[in-house]
Amino acid sequence: MSSEDSIKKGLSRREFIKGSALGAAGLAAAGYLGGCAPQESTPSEGGSPDSAGTASKWSWETKPEPIPASEIKNTVDKDVVVIGAGLAGMCASLGAVEAGASVVVIEKNDTWAARGGHIAAFDSKLQKQLGIKLNYRQIIRDWVAWAQGRIDEDLLWLFGHKSGACMDWVIDMMQPRGYNVTLWEGYYRGPDYTEYPVTHFFYEEGADLSYVYGNSTKIGNVVLVPTLEAIAKEKGVRFDYSTPAVQLIREGNGPVTGVIAGTKGNYTQYNAKGGVIIATGDYASNNEMKERFAPFTLKADAQIYFPNKCNTGDGLIMAMQVGGAMQKHEPHAAVIHLEAGAASYGFLHVNALGQRFKNEDVNTQSKSCTKELEPDGIAWTIYDADGLNQVKQQVDAGLAGGLFYGQMWQPYGQGWNLEVEKKTLEQHIKDGKVVVADTIEELAQKMGVPVDNFVATVKRYNELYEMQDDVDYGKRKELLTPIVKPPFYAGKLLSTLLTMCGGLRTDTSLKVLDENDQPIEGLYVAGAAQGEFFANDYPTICPGIGHGRCITFGRMAGIKAAGKNVDDIIPSIYI
């Protein structure tokens, strides 16, 4: 590459990420949401051409030999076996035990798993208390349109009917134990893209809701999940941690009757009279599965998951090896947000060439994905000394919002916290996620972008502001802000893979289906391991919908595996 080409390219992706203090320190800044550093996105060996030029099988397509009885040292008999101690697994275990079943939860980690905290639900008691009335029928129509109809619409309508009652069920368990629930006020409001106020989160009394630089305590799923675990234990649910599920038990085309878990030479056979529920999460830490089902996600700058990289698709693989099928639509959708970098806001965004490349009036998912199409996947957000004040004005006026624009734990009715954002900015500057300069030329140099290009881009953007008309990309005039007052800021935007949104084929029975769309008796799926719910892209119009389905379908799967009728236990709302 010539020196001129090097200048045009700007920083390499590796240099860009390294400069953000995301090297050896990993993603500690993400608090309990994090736990793993950016991974090198190299294809695995599975599915790659062999020396003869023919495609080899993916690793999971080789069915393992049955585990011999001699290696099974213990047997546990229960009505329901739940694999996975995350949010879906907790709700599945509670749903089953409350329906009268004996339940055991097995988990490969040494404790429960929790991250994030935004949970979507429709028409909950909290929404009613706040006087929020929404057209849930239209929300589902918008959701179907987002997926271009390539999902099982019956699952969406089922969620719509049951999610409010399931949220109320969780609220009724949490509030007596000193936990509050509120709605998230930071949702995005715009004329062409609007998010809905359906997002709940839990927090302890006295919790700090600021989320300064991605850190928070006493708030979100990190308090919800262990509380649900404690309640489940009180009701008689058994938890076997450090016990990885290895092989489902199925004879021929018969039902799944249990699972073998543990380690070689010391396995336990868990027999399930009613059914096994796969609640093992997604496969974002399995590069081979990403390569097969969603290769675009390998471009992400970083990956965040807690516990560290445990979402390796184990439950999906076990189900496929006994005849289960993955969802029909490919490539799979994914949650890809700007979690690991600086806050994006709605300011001018430029690429490694110092040039504007999009209308910035969009959600974090769109920004994360479109920036990957730019040279080296590099992008920055640019603003001046008045920038944070302008964000507050926009959010509080209902003009904008969304994740990494609005604030993570912005409680309903309290507005955008300017002092919190100032503290976050200070930390981002210290860690190299944001660079600061007194002139536009100096800022370009610190960013590593061509100075002339960048100066021309900023000049043009200021012209558009003066015109109050973005004739270049069509951004709303209310979100055009001048870049004239020093100091000037440039924040690095880093795409962050949080969750894969493709999973096992299922329908409203919540049983895993085979390639012929026939249910596998005794095998249920809930949470992120469940397919047919998302397509094309993650529908950020309902922030927290992934966690919402963990609660709703987790509880429902537990009730079904216990042999009870869901409609007798969970009321439906009219849509």
# chains A, B, ... in the order shown; residues from 1 in each chain; ligands from 1
>>> residues_around(residues="Ala279 (chain A)", least_positions_apart="3", cutoff="6 Å", atoms="only C-alpha atoms", output="VMD selection string")
chain A and resid 83 to 84 88 to 89 526 to 527
>>> write_last_selection(atoms="all heavy atoms", output="short mmCIF file (atom, residue, chain, number, x, y, z; two decimals), in the first residue's frame")
data_model
loop_
_atom_site.label_atom_id
_atom_site.label_comp_id
_atom_site.auth_asym_id
_atom_site.auth_seq_id
_atom_site.Cartn_x
_atom_site.Cartn_y
_atom_site.Cartn_z
N ILE A 83 -32.32 -26.81 31.23
CA ILE A 83 -30.89 -26.65 30.94
C ILE A 83 -30.61 -25.16 30.77
O ILE A 83 -31.04 -24.54 29.81
CB ILE A 83 -30.47 -27.41 29.67
CG1 ILE A 83 -30.94 -28.86 29.73
CG2 ILE A 83 -28.96 -27.35 29.50
CD1 ILE A 83 -30.65 -29.64 28.45
N GLY A 84 -29.89 -24.58 31.72
CA GLY A 84 -29.54 -23.17 31.65
C GLY A 84 -30.14 -22.38 32.79
O GLY A 84 -31.35 -22.42 33.03
N ALA A 88 -34.37 -16.98 31.18
CA ALA A 88 -35.36 -17.93 30.65
C ALA A 88 -35.43 -19.18 31.50
O ALA A 88 -36.51 -19.71 31.78
CB ALA A 88 -35.03 -18.28 29.20
N GLY A 89 -34.26 -19.69 31.91
CA GLY A 89 -34.24 -20.89 32.73
C GLY A 89 -34.90 -20.69 34.08
O GLY A 89 -35.61 -21.58 34.58
N ALA A 526 -36.85 -22.18 25.09
CA ALA A 526 -37.27 -20.85 25.50
C ALA A 526 -36.06 -19.92 25.53
O ALA A 526 -34.92 -20.36 25.65
CB ALA A 526 -37.93 -20.89 26.87
N GLY A 527 -36.33 -18.62 25.42
CA GLY A 527 -35.24 -17.64 25.50
C GLY A 527 -34.48 -17.52 24.20
O GLY A 527 -35.00 -17.76 23.11
#
>>> select_by_dssp(residues="region 279-455 of chain A", states="strand (DSSP E)", output="number ranges by chain")
A: 302-303, 334-337, 348-351, 379-383, 434-437
>>> closest_atom_pairs(of="region 285-359 of chain A", to="region 439-451 of chain A", cutoff="8 Å", atoms="only C-alpha atoms", output="tab-separated table")
residue	atom	partner	partner_atom	distance
A:Ala352	CA	A:Val449	CA	5.6
A:Leu353	CA	A:Val449	CA	5.6
A:Gly354	CA	A:Val449	CA	5.3
>>> write_last_selection(atoms="N, CA and C atoms", output="PDB file, in the first residue's frame")
ATOM      1  N   ALA A 352     -13.384   6.542   8.180  1.00  0.00           N
ATOM      2  CA  ALA A 352     -11.920   6.652   8.247  1.00  0.00           C
ATOM      3  C   ALA A 352     -11.357   7.621   7.218  1.00  0.00           C
ATOM      4  N   LEU A 353     -12.153   7.980   6.236  1.00  0.00           N
ATOM      5  CA  LEU A 353     -11.720   8.958   5.240  1.00  0.00           C
ATOM      6  C   LEU A 353     -12.075  10.383   5.656  1.00  0.00           C
ATOM      7  N   GLY A 354     -12.681  10.524   6.836  1.00  0.00           N
ATOM      8  CA  GLY A 354     -13.082  11.842   7.297  1.00  0.00           C
ATOM      9  C   GLY A 354     -14.327  12.356   6.622  1.00  0.00           C
TER      10      GLY A 354
END
>>> select_by_dssp(residues="region 251-372 of chain A", states="alpha helix (DSSP H)", output="PyMOL selection string")
chain A and resi 287-293+314-320+364-371
>>> residues_around(residues="region 198-211 of chain A", least_positions_apart="4", cutoff="6 Å", atoms="only C-alpha atoms", output="ChimeraX atom specification")
/A:117-121,179-184,215-216,218-220,409,420,543-544
>>> residues_around(residues="region 466-479 of chain A", least_positions_apart="5", cutoff="10 Å", atoms="only C-alpha atoms", output="PDB file with N, CA and C atoms, in the first residue's frame")
ATOM      1  N   GLY A 190     -38.973   9.398  16.737  1.00  0.00           N
ATOM      2  CA  GLY A 190     -38.696  10.064  15.479  1.00  0.00           C
ATOM      3  C   GLY A 190     -39.846   9.847  14.513  1.00  0.00           C
ATOM      4  N   PRO A 191     -39.913  10.601  13.440  1.00  0.00           N
ATOM      5  CA  PRO A 191     -41.037  10.480  12.505  1.00  0.00           C
ATOM      6  C   PRO A 191     -41.028   9.199  11.680  1.00  0.00           C
ATOM      7  N   TYR A 345     -24.946   9.358  19.998  1.00  0.00           N
ATOM      8  CA  TYR A 345     -25.847  10.497  19.860  1.00  0.00           C
ATOM      9  C   TYR A 345     -26.291  10.636  18.385  1.00  0.00           C
ATOM     10  N   GLY A 346     -26.782  11.829  18.031  1.00  0.00           N
ATOM     11  CA  GLY A 346     -27.243  12.036  16.654  1.00  0.00           C
ATOM     12  C   GLY A 346     -26.397  13.025  15.896  1.00  0.00           C
ATOM     13  N   PHE A 347     -25.146  13.192  16.333  1.00  0.00           N
ATOM     14  CA  PHE A 347     -24.264  14.178  15.711  1.00  0.00           C
ATOM     15  C   PHE A 347     -23.709  13.688  14.371  1.00  0.00           C
ATOM     16  N   LEU A 348     -22.922  14.534  13.745  1.00  0.00           N
ATOM     17  CA  LEU A 348     -22.220  14.180  12.519  1.00  0.00           C
ATOM     18  C   LEU A 348     -21.395  12.911  12.722  1.00  0.00           C
ATOM     19  N   ARG A 356     -18.622  12.159   5.797  1.00  0.00           N
ATOM     20  CA  ARG A 356     -19.939  11.746   6.285  1.00  0.00           C
ATOM     21  C   ARG A 356     -20.460  10.613   5.401  1.00  0.00           C
ATOM     22  N   PHE A 357     -21.223   9.696   6.002  1.00  0.00           N
ATOM     23  CA  PHE A 357     -21.679   8.545   5.213  1.00  0.00           C
ATOM     24  C   PHE A 357     -23.118   8.133   5.482  1.00  0.00           C
ATOM     25  N   LYS A 358     -23.861   8.852   6.335  1.00  0.00           N
ATOM     26  CA  LYS A 358     -25.226   8.408   6.615  1.00  0.00           C
ATOM     27  C   LYS A 358     -26.041   9.507   7.287  1.00  0.00           C
ATOM     28  N   ASN A 359     -27.350   9.294   7.303  1.00  0.00           N
ATOM     29  CA  ASN A 359     -28.250  10.051   8.160  1.00  0.00           C
ATOM     30  C   ASN A 359     -28.099   9.483   9.568  1.00  0.00           C
ATOM     31  N   GLU A 360     -27.689  10.293  10.500  1.00  0.00           N
ATOM     32  CA  GLU A 360     -27.395   9.821  11.850  1.00  0.00           C
ATOM     33  C   GLU A 360     -28.633   9.690  12.727  1.00  0.00           C
ATOM     34  N   ASP A 361     -29.783  10.002  12.186  1.00  0.00           N
ATOM     35  CA  ASP A 361     -31.049   9.981  12.918  1.00  0.00           C
ATOM     36  C   ASP A 361     -31.644   8.570  12.915  1.00  0.00           C
ATOM     37  N   VAL A 362     -30.888   7.616  13.460  1.00  0.00           N
ATOM     38  CA  VAL A 362     -31.296   6.210  13.459  1.00  0.00           C
ATOM     39  C   VAL A 362     -30.886   5.576  14.785  1.00  0.00           C
ATOM     40  N   GLN A 390     -26.934  19.962  24.003  1.00  0.00           N
ATOM     41  CA  GLN A 390     -27.845  19.772  22.871  1.00  0.00           C
ATOM     42  C   GLN A 390     -28.542  18.416  22.950  1.00  0.00           C
ATOM     43  N   VAL A 391     -27.808  17.389  23.402  1.00  0.00           N
ATOM     44  CA  VAL A 391     -28.424  16.070  23.556  1.00  0.00           C
ATOM     45  C   VAL A 391     -29.546  16.130  24.582  1.00  0.00           C
ATOM     46  N   GLN A 394     -32.603  17.674  23.160  1.00  0.00           N
ATOM     47  CA  GLN A 394     -33.270  16.808  22.194  1.00  0.00           C
ATOM     48  C   GLN A 394     -34.047  15.682  22.880  1.00  0.00           C
ATOM     49  N   LEU A 399     -37.488  14.532  21.032  1.00  0.00           N
ATOM     50  CA  LEU A 399     -37.081  14.530  19.626  1.00  0.00           C
ATOM     51  C   LEU A 399     -36.218  13.325  19.272  1.00  0.00           C
ATOM     52  N   ALA A 400     -35.566  12.746  20.253  1.00  0.00           N
ATOM     53  CA  ALA A 400     -34.609  11.676  19.968  1.00  0.00           C
ATOM     54  C   ALA A 400     -34.438  10.817  21.209  1.00  0.00           C
ATOM     55  N   ARG A 460     -19.133  21.589   5.504  1.00  0.00           N
ATOM     56  CA  ARG A 460     -20.389  21.291   4.827  1.00  0.00           C
ATOM     57  C   ARG A 460     -21.512  21.062   5.839  1.00  0.00           C
ATOM     58  N   TYR A 461     -21.226  20.377   6.912  1.00  0.00           N
ATOM     59  CA  TYR A 461     -22.243  20.093   7.924  1.00  0.00           C
ATOM     60  C   TYR A 461     -22.727  21.383   8.579  1.00  0.00           C
TER      61      TYR A 461
END
>>> closest_residue(among="A:Ala490, A:Cys542, A:Trp58, A:Asp568", to="Gly160 (chain A)", atoms="only C-alpha atoms")
A:Cys542
>>> residues_around(residues="Gly324 (chain A)", least_positions_apart="3", cutoff="8 Å", atoms="only C-alpha atoms", output="VMD selection string")
chain A and resid 319 to 321 504 to 505 512 to 515 520
>>> write_last_selection(atoms="N, CA, C and O atoms", output="PDB file, in the first residue's frame")
ATOM      1  N   ALA A 319     -29.721 -30.314  20.529  1.00  0.00           N
ATOM      2  CA  ALA A 319     -31.040 -30.515  19.927  1.00  0.00           C
ATOM      3  C   ALA A 319     -30.929 -30.957  18.474  1.00  0.00           C
ATOM      4  O   ALA A 319     -31.656 -31.861  18.024  1.00  0.00           O
ATOM      5  N   MET A 320     -30.007 -30.338  17.725  1.00  0.00           N
ATOM      6  CA  MET A 320     -29.830 -30.742  16.331  1.00  0.00           C
ATOM      7  C   MET A 320     -29.357 -32.188  16.229  1.00  0.00           C
ATOM      8  O   MET A 320     -29.715 -32.904  15.296  1.00  0.00           O
ATOM      9  N   GLN A 321     -28.573 -32.617  17.184  1.00  0.00           N
ATOM     10  CA  GLN A 321     -28.028 -33.980  17.132  1.00  0.00           C
ATOM     11  C   GLN A 321     -29.050 -35.051  17.479  1.00  0.00           C
ATOM     12  O   GLN A 321     -28.785 -36.233  17.294  1.00  0.00           O
ATOM     13  N   LEU A 504     -33.533 -22.513  17.542  1.00  0.00           N
ATOM     14  CA  LEU A 504     -34.202 -23.755  17.168  1.00  0.00           C
ATOM     15  C   LEU A 504     -35.609 -23.497  16.639  1.00  0.00           C
ATOM     16  O   LEU A 504     -36.331 -22.634  17.145  1.00  0.00           O
ATOM     17  N   ARG A 505     -35.952 -24.262  15.631  1.00  0.00           N
ATOM     18  CA  ARG A 505     -37.276 -24.150  15.041  1.00  0.00           C
ATOM     19  C   ARG A 505     -38.331 -24.539  16.075  1.00  0.00           C
ATOM     20  O   ARG A 505     -38.199 -25.552  16.764  1.00  0.00           O
ATOM     21  N   VAL A 512     -39.405 -28.124  20.299  1.00  0.00           N
ATOM     22  CA  VAL A 512     -38.451 -28.076  19.189  1.00  0.00           C
ATOM     23  C   VAL A 512     -39.034 -28.873  18.024  1.00  0.00           C
ATOM     24  O   VAL A 512     -39.550 -29.982  18.215  1.00  0.00           O
ATOM     25  N   LEU A 513     -38.952 -28.310  16.820  1.00  0.00           N
ATOM     26  CA  LEU A 513     -39.461 -28.987  15.624  1.00  0.00           C
ATOM     27  C   LEU A 513     -38.313 -29.597  14.835  1.00  0.00           C
ATOM     28  O   LEU A 513     -37.175 -29.129  14.894  1.00  0.00           O
ATOM     29  N   ASP A 514     -38.636 -30.645  14.061  1.00  0.00           N
ATOM     30  CA  ASP A 514     -37.630 -31.243  13.194  1.00  0.00           C
ATOM     31  C   ASP A 514     -37.710 -30.634  11.800  1.00  0.00           C
ATOM     32  O   ASP A 514     -38.461 -29.675  11.567  1.00  0.00           O
ATOM     33  N   GLU A 515     -36.932 -31.155  10.878  1.00  0.00           N
ATOM     34  CA  GLU A 515     -36.889 -30.599   9.516  1.00  0.00           C
ATOM     35  C   GLU A 515     -38.233 -30.675   8.808  1.00  0.00           C
ATOM     36  O   GLU A 515     -38.476 -29.949   7.846  1.00  0.00           O
ATOM     37  N   ILE A 520     -40.794 -32.479  18.435  1.00  0.00           N
ATOM     38  CA  ILE A 520     -40.108 -33.538  19.166  1.00  0.00           C
ATOM     39  C   ILE A 520     -40.704 -33.553  20.565  1.00  0.00           C
ATOM     40  O   ILE A 520     -40.533 -32.604  21.339  1.00  0.00           O
TER      41      ILE A 520
END
>>> closest_residue(among="A:Ser163, A:Asn311, A:Gln410, A:Gln355", to="Asp452 (chain A)", atoms="only C-alpha atoms")
A:Gln355
>>> closest_residue(among="A:Ile132, A:Ala340, A:Met326, A:Met289", to="Ala529 (chain A)", atoms="only C-alpha atoms")
A:Met326
>>> residues_around(residues="Lys371 (chain A)", least_positions_apart="3", cutoff="12 Å", atoms="only C-alpha atoms", output="PyMOL selection string")
chain A and resi 13+299-301+336-338+344+349-352+356-360+364-368+374-381+492-496
>>> closest_residue(among="A:Asp567, A:Glu521, A:Glu339, A:Asp142", to="Lys433 (chain A)", atoms="only C-alpha atoms")
A:Glu339
>>> closest_residue(among="A:Gly164, A:Gly265, A:Gly432, A:Gly387", to="Gly19 (chain A)", atoms="only C-alpha atoms")
A:Gly432
>>> closest_residue(among="A:Leu523, A:Val105, A:Val76, A:Ala437", to="Gly254 (chain A)", atoms="only C-alpha atoms")
A:Leu523
>>> atom_distance(atom1="CA of Leu94 (chain A)", atom2="CA of Ile551 (chain A)")
10.3 Å
>>> residues_around(residues="Val82 (chain A)", least_positions_apart="4", cutoff="9 Å", atoms="only C-alpha atoms", output="ChimeraX atom specification")
/A:89-90,92-93,103-107,275-280,558
>>> write_last_selection(atoms="C-alpha atoms", output="PDB file, in the first residue's frame")
ATOM      1  CA  GLY A  89     -34.237 -20.893  32.732  1.00  0.00           C
ATOM      2  CA  MET A  90     -35.299 -19.253  35.984  1.00  0.00           C
ATOM      3  CA  ALA A  92     -39.100 -21.915  33.147  1.00  0.00           C
ATOM      4  CA  SER A  93     -38.251 -23.521  36.474  1.00  0.00           C
ATOM      5  CA  VAL A 103     -37.796 -29.457  38.765  1.00  0.00           C
ATOM      6  CA  VAL A 104     -34.024 -29.475  38.456  1.00  0.00           C
ATOM      7  CA  VAL A 105     -31.963 -26.790  36.706  1.00  0.00           C
ATOM      8  CA  ILE A 106     -28.554 -27.774  35.380  1.00  0.00           C
ATOM      9  CA  GLU A 107     -25.977 -25.163  34.447  1.00  0.00           C
ATOM     10  CA  GLY A 275     -39.899 -32.721  29.432  1.00  0.00           C
ATOM     11  CA  VAL A 276     -36.519 -31.083  28.984  1.00  0.00           C
ATOM     12  CA  ILE A 277     -36.420 -27.316  28.442  1.00  0.00           C
ATOM     13  CA  ILE A 278     -33.502 -25.848  26.514  1.00  0.00           C
ATOM     14  CA  ALA A 279     -32.783 -22.409  27.948  1.00  0.00           C
ATOM     15  CA  THR A 280     -29.085 -22.311  27.132  1.00  0.00           C
ATOM     16  CA  GLY A 558     -42.336 -24.584  32.244  1.00  0.00           C
TER      17      GLY A 558
END
